[in-house]
Amino acid sequence: MFGFGRDVWTGGLVRKMKILIAGAGIGGLTTALSLHKAGFDVHVYESATEIKALGVGINVLPHAIRVLTDLGLLDKLLKIGVQTRELCYFNKFGQLIWQEPRGKFAGYLWPQLSVHRGAFMMILLQAVKTAIGGGNVHTGHHLKRCINTGDKVTAIFTTKGAEEIIANVEGDVLIGADGIHSSVRRQFYPGEGIPKFSGIVLNRGMSMGKPFLSGSSMIMAGSVDKKFIAYPISDELDHNGNQLINWIADLKVGPEGNILRDWNRTADKNKLLTEFSSWQFDWLNAPEIISGADAIYEFPMSDRDPLPRWSFDRITLLGDAAHPMYPIGSNGASQAILDAEVLTTALLQHTNPIAALQEYQNIRLPQTAAIILQNRQMGPEQVMEIVAGRAPDGFTHLYDVISQDELEGIAARYKKIAGFEKDELNSKAK
């Protein structure tokens with residue numbers, strides 16, 4: 001029988017429930033740290049042979065920062081990132097549509113943080129290794145198959161691209177946190193096929209540039225066909241007064257432009273400079289920022305349809321394996337972090353892990369499904385699309401185009417759907 005969520009009784013002896021996590025991304029590592037703190041025996045298996053500090057910038061919302069704060073990571077994250085002061089939407093002419101304070105500047109008890117994804121990953125990885133032991137983070141282990149076997153789950157691992165089995169591991173629970181191309185998800189949904197491509201390619205880069213607006217602002221300009229996003233990910237200024245700016249240039253290419261979802265596929269800088277040549281505003285110069293990037297990576301904006309089920313007895317899905325979504329509203333990584341907290345709580349509250357995984361699914365599946373569908377409508381960024389449709393040549397007076405009530409309503413509805421409405425979130429302070 002099972003004790004209170006974390007222990008297994010065997011022949012009069014008690015041992016910690018053993019939990020296997022497939023995937024050492026943000027979701028998998030946060031879950032490992034959360035479960036270890038709750039008293040579980042955690043083992044992480046990563047397909048890559050080495051976990052590297054890859055990627056560009058990432059924005060993490062206050063509800064996810066609350067979870068990371070409870071895990072003791074806030075001080076380290078503050079040292080490597082920027083507390084986002086405001087979010088601003090503009091049209092393609094650089095005219096302001098919507099502006100609102102964010103994080104602590106908006107009255108939240110936790111900040112909104114802009115950080116380098118790779119640096120964030122390294123903080124998580126080191127925290128996990130310290131907590132569960134470096135020997136319990138297994139790289140070069142690609143999950144080939146997982147099987148429910150009565151009161152256990154068995155995970156079979158190979159090296160990626162090979163058939164030879166290198167490990168056959170038993171545990172009490174297996175969490176598939178292995179990304180949008182999840183092996184665990186594919187096992188239960190073999191006919192799902194490739195991710196659904198939006199027809200939009202995100203071109204991502206980092207450049208040193210002059211601070212813009214508040215110096216810690218996040219901006220989005222344009223509309224669905226062509227959009228430029230920028231925010232600083234370091235407070236430090238170089239000798240020229242420049243700071244590190246993360247940026248994304250979205251271009252609509254149509255469904256025929258689908259490419260593999262790969263963080264490290266390089267993009268054509270000259271094409272971007274041509275596309276955004278006129279985007280030189282008095283508060284930000286997009287071509288100058290694009291020119292300053294050492295490397296630019298292209299990434300297809302893709303998702304998958306919401307699933308009817310995540311949990312299968314002792315096996316469940318988490319993060320992008322469960323609910324890959326468009327990177328709209330800064331919610332991809334944030335939602336994976338929220339998964340970790342809900343799953344940990346469910347495993348603590350139920351003596352039966354099967355019931356715990358079912359409760360986790362019942363809470364998180366409908367919440368994330370709503371975000372997936374809302375992000376397909378561009379989430380809060382739809383204000384830019386509305387204004388572009390109503391005033392394609394720009395405007396003289398914004399409120400002749402869209403009302404303050406309409407703007408506020410769109411912003412408030414998305415916060416509610418995504419789970420970071422201020423008063424509700426602040427009420428969760430410990």
# chains A, B, ... in the order shown; residues from 1 in each chain; ligands from 1
>>> residues_around(residues="Ile80 in chain A", least_positions_apart="5", cutoff="10 Å", atoms="only C-alpha atoms", output="number ranges by chain")
A: 75, 113-116, 119-120, 123, 233-236
>>> select_by_dssp(residues="range 156-372 of chain A", states="strand (DSSP E or B)", output="PyMOL selection string")
chain A and resi 156-158+165-171+173-176+196-209+217-223+226-232+243-252+266+280+285+296-303+312+315-317
>>> closest_residue(among="A:Leu109, A:Met208, A:Met301, A:Leu96", to="Val387 in chain A", atoms="only C-alpha atoms")
A:Leu96
>>> select_by_dssp(residues="range 266-295 of chain A", states="alpha helix (DSSP H)", output="list in words")
Lys269, Asn270, Lys271, Leu272, Leu273, Thr274, Glu275, Ala286, Pro287, Glu288, Ile289, Ile290 and Ser291 of chain A
>>> closest_atom_pairs(of="range 313-430 of chain A", to="range 15-38 of chain A", cutoff="8 Å", atoms="only C-alpha atoms", output="JSON lines")
{"residue": "A:Leu318", "atom": "CA", "partner": "A:Gly27", "partner_atom": "CA", "distance": 7.0}
{"residue": "A:Gly319", "atom": "CA", "partner": "A:Gly27", "partner_atom": "CA", "distance": 5.5}
{"residue": "A:Ala333", "atom": "CA", "partner": "A:Ile26", "partner_atom": "CA", "distance": 6.7}
{"residue": "A:Ala336", "atom": "CA", "partner": "A:Gly27", "partner_atom": "CA", "distance": 4.8}
{"residue": "A:Ile337", "atom": "CA", "partner": "A:Gly27", "partner_atom": "CA", "distance": 5.6}
{"residue": "A:Asp339", "atom": "CA", "partner": "A:Gly27", "partner_atom": "CA", "distance": 7.7}
{"residue": "A:Ala340", "atom": "CA", "partner": "A:Thr31", "partner_atom": "CA", "distance": 4.5}
{"residue": "A:Glu341", "atom": "CA", "partner": "A:Ser34", "partner_atom": "CA", "distance": 6.8}
{"residue": "A:Thr344", "atom": "CA", "partner": "A:Leu35", "partner_atom": "CA", "distance": 5.7}
{"residue": "A:Leu348", "atom": "CA", "partner": "A:Ala38", "partner_atom": "CA", "distance": 7.5}
>>> residues_around(residues="range 269-278 of chain A", least_positions_apart="4", cutoff="8 Å", atoms="only C-alpha atoms", output="PyMOL selection string")
chain A and resi 249+286-287+290-291+296
>>> write_last_selection(atoms="N, CA and C atoms", output="JSON list (two decimals), in the first residue's frame")
[["chain", "number", "residue", "atom", "x", "y", "z"],
["A", 249, "ALA", "N", 11.56, 38.38, -34.62],
["A", 249, "ALA", "CA", 10.92, 38.95, -35.80],
["A", 249, "ALA", "C", 10.04, 37.87, -36.43],
["A", 286, "ALA", "N", 14.54, 48.85, -35.34],
["A", 286, "ALA", "CA", 14.55, 47.40, -35.55],
["A", 286, "ALA", "C", 15.69, 46.94, -36.46],
["A", 287, "PRO", "N", 15.94, 47.59, -37.61],
["A", 287, "PRO", "CA", 17.05, 47.13, -38.46],
["A", 287, "PRO", "C", 18.40, 47.16, -37.74],
["A", 290, "ILE", "N", 18.52, 44.12, -35.46],
["A", 290, "ILE", "CA", 18.73, 42.90, -36.25],
["A", 290, "ILE", "C", 20.17, 42.81, -36.73],
["A", 291, "SER", "N", 20.72, 43.93, -37.20],
["A", 291, "SER", "CA", 22.11, 43.95, -37.71],
["A", 291, "SER", "C", 23.10, 43.56, -36.64],
["A", 296, "ILE", "N", 21.20, 34.37, -35.75],
["A", 296, "ILE", "CA", 19.75, 34.46, -35.75],
["A", 296, "ILE", "C", 19.21, 33.06, -36.04]]
>>> closest_atom_pairs(of="range 283-375 of chain A", to="range 416-426 of chain A", cutoff="8 Å", atoms="only C-alpha atoms", output="CSV")
residue,atom,partner,partner_atom,distance
A:Asn331,CA,A:Ala418,CA,7.5
A:Gln367,CA,A:Ile417,CA,7.3
A:Thr368,CA,A:Ala418,CA,7.8
A:Ala370,CA,A:Ile417,CA,6.9
A:Ile371,CA,A:Ala418,CA,6.2
>>> write_last_selection(atoms="N, CA, C and O atoms", output="short mmCIF file (atom, residue, chain, number, x, y, z; two decimals), in the first residue's frame")
data_model
loop_
_atom_site.label_atom_id
_atom_site.label_comp_id
_atom_site.auth_asym_id
_atom_site.auth_seq_id
_atom_site.Cartn_x
_atom_site.Cartn_y
_atom_site.Cartn_z
N ASN A 331 3.64 32.34 -22.24
CA ASN A 331 3.02 31.29 -21.44
C ASN A 331 3.60 29.90 -21.61
O ASN A 331 3.25 29.00 -20.84
N GLN A 367 -7.30 23.83 -18.23
CA GLN A 367 -6.70 25.16 -18.14
C GLN A 367 -5.77 25.42 -19.32
O GLN A 367 -5.83 26.48 -19.96
N THR A 368 -4.92 24.46 -19.63
CA THR A 368 -3.96 24.66 -20.72
C THR A 368 -4.64 24.56 -22.09
O THR A 368 -4.22 25.23 -23.03
N ALA A 370 -7.52 25.72 -22.82
CA ALA A 370 -8.10 27.05 -23.06
C ALA A 370 -7.04 28.02 -23.56
O ALA A 370 -7.31 28.86 -24.44
N ILE A 371 -5.81 27.91 -23.03
CA ILE A 371 -4.74 28.81 -23.47
C ILE A 371 -4.30 28.48 -24.89
O ILE A 371 -4.06 29.38 -25.70
#
>>> residues_around(residues="Ile328 in chain A", least_positions_apart="6", cutoff="10 Å", atoms="only C-alpha atoms", output="MDAnalysis selection string")
chainID A and resid 301 371:372 374:381
>>> write_last_selection(atoms="C-alpha atoms", output="PDB file, in the first residue's frame")
ATOM      1  CA  MET A 301       5.365  28.790 -34.548  1.00  0.00           C
ATOM      2  CA  ILE A 371      -4.735  28.808 -23.466  1.00  0.00           C
ATOM      3  CA  ILE A 372      -3.835  26.792 -26.580  1.00  0.00           C
ATOM      4  CA  GLN A 374      -6.813  31.443 -27.073  1.00  0.00           C
ATOM      5  CA  ASN A 375      -3.242  31.685 -28.343  1.00  0.00           C
ATOM      6  CA  ARG A 376      -4.444  30.587 -31.782  1.00  0.00           C
ATOM      7  CA  GLN A 377      -6.493  33.789 -31.692  1.00  0.00           C
ATOM      8  CA  MET A 378      -3.265  35.667 -30.792  1.00  0.00           C
ATOM      9  CA  GLY A 379      -4.191  36.017 -27.125  1.00  0.00           C
ATOM     10  CA  PRO A 380      -3.681  39.563 -25.829  1.00  0.00           C
ATOM     11  CA  GLU A 381      -1.732  40.434 -28.996  1.00  0.00           C
TER      12      GLU A 381
END
>>> residues_around(residues="Ser330 in chain A", least_positions_apart="2", cutoff="10 Å", atoms="only C-alpha atoms", output="VMD selection string")
chain A and resid 58 to 61 112 114 326 to 328 332 to 335 418
>>> write_last_selection(atoms="N, CA, C and O atoms", output="tab-separated table (two decimals), in the first residue's frame")
chain	number	residue	atom	x	y	z
A	58	ILE	N	13.81	34.46	-22.81
A	58	ILE	CA	12.53	33.90	-22.40
A	58	ILE	C	11.92	34.83	-21.35
A	58	ILE	O	12.65	35.45	-20.57
A	59	ASN	N	10.61	34.96	-21.37
A	59	ASN	CA	9.92	35.80	-20.41
A	59	ASN	C	9.07	34.91	-19.50
A	59	ASN	O	8.33	34.06	-20.00
A	60	VAL	N	9.20	35.07	-18.20
A	60	VAL	CA	8.52	34.21	-17.24
A	60	VAL	C	7.55	35.06	-16.41
A	60	VAL	O	7.95	36.06	-15.81
A	61	LEU	N	6.29	34.65	-16.39
A	61	LEU	CA	5.22	35.43	-15.76
A	61	LEU	C	5.19	35.26	-14.24
A	61	LEU	O	5.72	34.29	-13.70
A	112	GLN	N	7.81	39.82	-13.01
A	112	GLN	CA	7.88	39.16	-14.31
A	112	GLN	C	9.32	39.29	-14.76
A	112	GLN	O	9.89	40.39	-14.70
A	114	SER	N	12.62	38.62	-17.48
A	114	SER	CA	13.15	38.33	-18.81
A	114	SER	C	14.59	37.84	-18.62
A	114	SER	O	15.42	38.56	-18.06
A	326	TYR	N	1.38	28.10	-28.98
A	326	TYR	CA	2.09	29.21	-29.59
A	326	TYR	C	2.75	30.04	-28.50
A	326	TYR	O	2.17	30.23	-27.41
A	327	PRO	N	3.95	30.58	-28.76
A	327	PRO	CA	4.61	31.44	-27.76
A	327	PRO	C	3.98	32.82	-27.72
A	327	PRO	O	4.60	33.84	-28.04
A	328	ILE	N	2.73	32.84	-27.32
A	328	ILE	CA	1.95	34.07	-27.21
A	328	ILE	C	1.71	34.34	-25.73
A	328	ILE	O	1.37	33.43	-24.98
A	332	GLY	N	4.46	29.65	-22.60
A	332	GLY	CA	4.94	28.29	-22.80
A	332	GLY	C	5.65	27.71	-21.59
A	332	GLY	O	5.18	26.75	-20.97
A	333	ALA	N	6.79	28.28	-21.23
A	333	ALA	CA	7.54	27.78	-20.08
A	333	ALA	C	6.80	28.02	-18.77
A	333	ALA	O	6.84	27.19	-17.86
A	334	SER	N	6.09	29.13	-18.68
A	334	SER	CA	5.35	29.44	-17.45
A	334	SER	C	4.34	28.36	-17.13
A	334	SER	O	4.18	27.95	-15.97
A	335	GLN	N	3.63	27.85	-18.15
A	335	GLN	CA	2.63	26.82	-17.89
A	335	GLN	C	3.27	25.50	-17.49
A	335	GLN	O	2.71	24.75	-16.67
A	418	ALA	N	-5.13	32.61	-18.53
A	418	ALA	CA	-3.76	32.11	-18.33
A	418	ALA	C	-3.41	31.94	-16.86
A	418	ALA	O	-2.33	31.44	-16.54
>>> atom_distance(atom1="CA of Gly103 in chain A", atom2="CA of Thr84 in chain A")
6.8 Å
>>> closest_residue(among="A:Tyr231, A:Phe299, A:Phe93, A:Tyr45", to="Gly135 in chain A", atoms="only C-alpha atoms")
A:Tyr45
